[in-house]
Amino acid sequence: MDPKILALLLKNYDDLLKRVDAHIKKVEKNYSDKIVCKKGCDTCCRFLNLFPVEAFALSAAFLGMNNSCQKSVMSGLEEKNRCPLLINNQCVLYEARPIICRTHGYPLYFKKDGEILVDFCPKNFKGVTSFTRDALFDLDQLNKLLAAINKQFLESFETNPFDDRIPISRALFLLDEIEEK
Ligand code: SF4
């Protein structure tokens, strides 16, 4: 696909990624001694399903990898318990990882049965008993934004060629799949 068209299709999604990354940077700065997430810790890297816009972005990144990296990923596609992009305990498309992967480990807040809950990786934030509001990801808001961006993305196509949710193992080949249709 023409890179300019690709960039236009993914503009809103890329902007959201930048906002998420900026938030994470701030949290990392403010809680630098409380975050133990690091290369090699892959507890969060399980099998994921993505919105089409995320799957599309991941596919573009995957097709930009060299052949040998692509082959390594493809050799793990049948694995059911881990993400195929996890190789030697590291994400091989870290810069292009989906939003959920970016939020892993950090404090998220959401409502459940009318109650406000905060969740984060128990390995992080040891001894922290409360967070300032700006340290928290509003999960419901993030999901709403992502759903709106996905809707707008889908409206760029004459007919929607995508499933509602796409597993990573299939997402990687989405661009090829679309171009063959
Ligand atoms: S895309 Fe990368 S960060 Fe996300 S689950 Fe897969 S290996 Fe982990």
# chains A, B, ... in the order shown; residues from 1 in each chain; ligands from 1
call {"tool": "residues_near_ligand", "arguments": {"ligand": "ligand 1", "cutoff": "9 Å", "atoms": "only C-alpha atoms and all ligand atoms", "output": "PDB file with N, CA and C atoms, in the first residue's frame"}}
result
ATOM      1  N   ASP A  42       8.030 -10.856  30.315  1.00  0.00           N
ATOM      2  CA  ASP A  42       7.017 -11.043  29.270  1.00  0.00           C
ATOM      3  C   ASP A  42       5.708 -11.598  29.818  1.00  0.00           C
ATOM      4  N   THR A  43       5.501 -11.409  31.121  1.00  0.00           N
ATOM      5  CA  THR A  43       4.312 -11.985  31.758  1.00  0.00           C
ATOM      6  C   THR A  43       3.023 -11.537  31.057  1.00  0.00           C
ATOM      7  N   CYS A  44       3.024 -10.309  30.536  1.00  0.00           N
ATOM      8  CA  CYS A  44       1.794  -9.761  29.929  1.00  0.00           C
ATOM      9  C   CYS A  44       1.597 -10.225  28.484  1.00  0.00           C
ATOM     10  N   CYS A  45       2.614 -10.829  27.877  1.00  0.00           N
ATOM     11  CA  CYS A  45       2.565 -11.087  26.431  1.00  0.00           C
ATOM     12  C   CYS A  45       1.833 -12.377  26.091  1.00  0.00           C
ATOM     13  N   ARG A  46       0.544 -12.329  26.243  1.00  0.00           N
ATOM     14  CA  ARG A  46      -0.276 -13.484  25.910  1.00  0.00           C
ATOM     15  C   ARG A  46      -0.997 -13.218  24.589  1.00  0.00           C
ATOM     16  N   PHE A  47      -1.828 -14.169  24.199  1.00  0.00           N
ATOM     17  CA  PHE A  47      -2.503 -14.045  22.912  1.00  0.00           C
ATOM     18  C   PHE A  47      -3.561 -12.937  22.964  1.00  0.00           C
ATOM     19  N   LEU A  48      -3.502 -11.997  22.020  1.00  0.00           N
ATOM     20  CA  LEU A  48      -4.417 -10.856  22.046  1.00  0.00           C
ATOM     21  C   LEU A  48      -5.279 -10.790  20.792  1.00  0.00           C
ATOM     22  N   LEU A  58      -0.276  -2.959  12.936  1.00  0.00           N
ATOM     23  CA  LEU A  58       0.704  -3.997  13.271  1.00  0.00           C
ATOM     24  C   LEU A  58       1.142  -4.745  12.007  1.00  0.00           C
ATOM     25  N   ARG A  82       1.211 -17.805  23.985  1.00  0.00           N
ATOM     26  CA  ARG A  82       1.988 -16.567  23.997  1.00  0.00           C
ATOM     27  C   ARG A  82       1.840 -15.855  22.665  1.00  0.00           C
ATOM     28  N   CYS A  83       2.137 -14.565  22.688  1.00  0.00           N
ATOM     29  CA  CYS A  83       2.054 -13.765  21.473  1.00  0.00           C
ATOM     30  C   CYS A  83       3.154 -14.197  20.492  1.00  0.00           C
ATOM     31  N   PRO A  84       2.826 -14.329  19.206  1.00  0.00           N
ATOM     32  CA  PRO A  84       3.853 -14.764  18.239  1.00  0.00           C
ATOM     33  C   PRO A  84       4.985 -13.745  18.054  1.00  0.00           C
ATOM     34  N   LEU A  85       4.759 -12.517  18.518  1.00  0.00           N
ATOM     35  CA  LEU A  85       5.820 -11.504  18.374  1.00  0.00           C
ATOM     36  C   LEU A  85       6.835 -11.565  19.511  1.00  0.00           C
ATOM     37  N   LEU A  86       6.586 -12.460  20.452  1.00  0.00           N
ATOM     38  CA  LEU A  86       7.514 -12.602  21.571  1.00  0.00           C
ATOM     39  C   LEU A  86       8.590 -13.621  21.215  1.00  0.00           C
ATOM     40  N   ILE A  87       9.793 -13.146  21.012  1.00  0.00           N
ATOM     41  CA  ILE A  87      10.889 -14.047  20.642  1.00  0.00           C
ATOM     42  C   ILE A  87      12.046 -13.811  21.609  1.00  0.00           C
ATOM     43  N   ASN A  89      11.933 -13.890  24.730  1.00  0.00           N
ATOM     44  CA  ASN A  89      11.372 -13.045  25.807  1.00  0.00           C
ATOM     45  C   ASN A  89      11.330 -11.556  25.459  1.00  0.00           C
ATOM     46  N   GLN A  90      11.414 -11.232  24.186  1.00  0.00           N
ATOM     47  CA  GLN A  90      11.337  -9.807  23.805  1.00  0.00           C
ATOM     48  C   GLN A  90      10.356  -9.612  22.658  1.00  0.00           C
ATOM     49  N   CYS A  91       9.689  -8.467  22.675  1.00  0.00           N
ATOM     50  CA  CYS A  91       8.750  -8.141  21.592  1.00  0.00           C
ATOM     51  C   CYS A  91       9.556  -7.650  20.387  1.00  0.00           C
ATOM     52  N   VAL A  92       9.380  -8.336  19.249  1.00  0.00           N
ATOM     53  CA  VAL A  92      10.171  -7.945  18.076  1.00  0.00           C
ATOM     54  C   VAL A  92       9.540  -6.772  17.323  1.00  0.00           C
ATOM     55  N   LEU A  93       8.325  -6.386  17.725  1.00  0.00           N
ATOM     56  CA  LEU A  93       7.720  -5.177  17.129  1.00  0.00           C
ATOM     57  C   LEU A  93       7.352  -4.195  18.242  1.00  0.00           C
ATOM     58  N   TYR A  94       8.269  -4.034  19.170  1.00  0.00           N
ATOM     59  CA  TYR A  94       7.991  -3.234  20.372  1.00  0.00           C
ATOM     60  C   TYR A  94       7.499  -1.820  20.020  1.00  0.00           C
ATOM     61  N   GLU A  95       8.158  -1.173  19.060  1.00  0.00           N
ATOM     62  CA  GLU A  95       7.777   0.212  18.714  1.00  0.00           C
ATOM     63  C   GLU A  95       6.367   0.281  18.137  1.00  0.00           C
ATOM     64  N   ALA A  96       5.905  -0.825  17.569  1.00  0.00           N
ATOM     65  CA  ALA A  96       4.584  -0.826  16.926  1.00  0.00           C
ATOM     66  C   ALA A  96       3.555  -1.596  17.754  1.00  0.00           C
ATOM     67  N   ARG A  97       3.905  -1.946  18.993  1.00  0.00           N
ATOM     68  CA  ARG A  97       3.003  -2.796  19.782  1.00  0.00           C
ATOM     69  C   ARG A  97       1.658  -2.094  20.001  1.00  0.00           C
ATOM     70  N   PRO A  98       0.587  -2.886  20.120  1.00  0.00           N
ATOM     71  CA  PRO A  98      -0.755  -2.311  20.295  1.00  0.00           C
ATOM     72  C   PRO A  98      -0.908  -1.552  21.625  1.00  0.00           C
ATOM     73  N   ILE A  99      -2.006  -0.828  21.742  1.00  0.00           N
ATOM     74  CA  ILE A  99      -2.211   0.008  22.932  1.00  0.00           C
ATOM     75  C   ILE A  99      -2.246  -0.805  24.222  1.00  0.00           C
ATOM     76  N   ILE A 100      -2.936  -1.920  24.196  1.00  0.00           N
ATOM     77  CA  ILE A 100      -3.040  -2.708  25.434  1.00  0.00           C
ATOM     78  C   ILE A 100      -1.644  -3.098  25.939  1.00  0.00           C
ATOM     79  N   CYS A 101      -0.725  -3.377  25.010  1.00  0.00           N
ATOM     80  CA  CYS A 101       0.638  -3.745  25.412  1.00  0.00           C
ATOM     81  C   CYS A 101       1.351  -2.549  26.055  1.00  0.00           C
ATOM     82  N   ARG A 102       1.014  -1.343  25.584  1.00  0.00           N
ATOM     83  CA  ARG A 102       1.671  -0.147  26.137  1.00  0.00           C
ATOM     84  C   ARG A 102       1.191   0.143  27.554  1.00  0.00           C
ATOM     85  N   HIS A 104       0.142  -2.144  29.757  1.00  0.00           N
ATOM     86  CA  HIS A 104       0.413  -3.249  30.693  1.00  0.00           C
ATOM     87  C   HIS A 104       1.335  -2.823  31.829  1.00  0.00           C
ATOM     88  N   ILE A 168      -3.683 -11.549  16.880  1.00  0.00           N
ATOM     89  CA  ILE A 168      -2.390 -11.061  16.380  1.00  0.00           C
ATOM     90  C   ILE A 168      -1.846 -11.966  15.281  1.00  0.00           C
TER      91      ILE A 168
END
call {"tool": "select_by_dssp", "arguments": {"residues": "range 5-124 of chain A", "states": "strand (DSSP E or B)", "output": "PyMOL selection string"}}
result
chain A and resi 49-50+86-87+90-91+108-112+115-119
call {"tool": "residues_around", "arguments": {"residues": "Leu146 in chain A", "least_positions_apart": "6", "cutoff": "12 Å", "atoms": "only C-alpha atoms", "output": "ChimeraX atom specification"}}
result
/A:10,12-17,19-20,50-54,98-100,139-140,152-153
call {"tool": "select_by_dssp", "arguments": {"residues": "range 1-105 of chain A", "states": "helix (DSSP H, G or I)", "output": "PyMOL selection string"}}
result
chain A and resi 3-9+11-30+52-63+67-74+94-96+99-103
call {"tool": "atom_distance", "arguments": {"atom1": "CA of Lys123 in chain A", "atom2": "CA of Leu145 in chain A"}}
result
28.3 Å
call {"tool": "closest_residue", "arguments": {"among": "A:Glu155, A:Tyr106, A:Asp113, A:Phe56", "to": "Glu177 in chain A", "atoms": "only C-alpha atoms"}}
result
A:Phe56
call {"tool": "atom_distance", "arguments": {"atom1": "CA of Leu77 in chain A", "atom2": "CA of Arg170 in chain A"}}
result
8.9 Å
call {"tool": "atom_distance", "arguments": {"atom1": "CA of Asp138 in chain A", "atom2": "CA of Lys26 in chain A"}}
result
14.9 Å
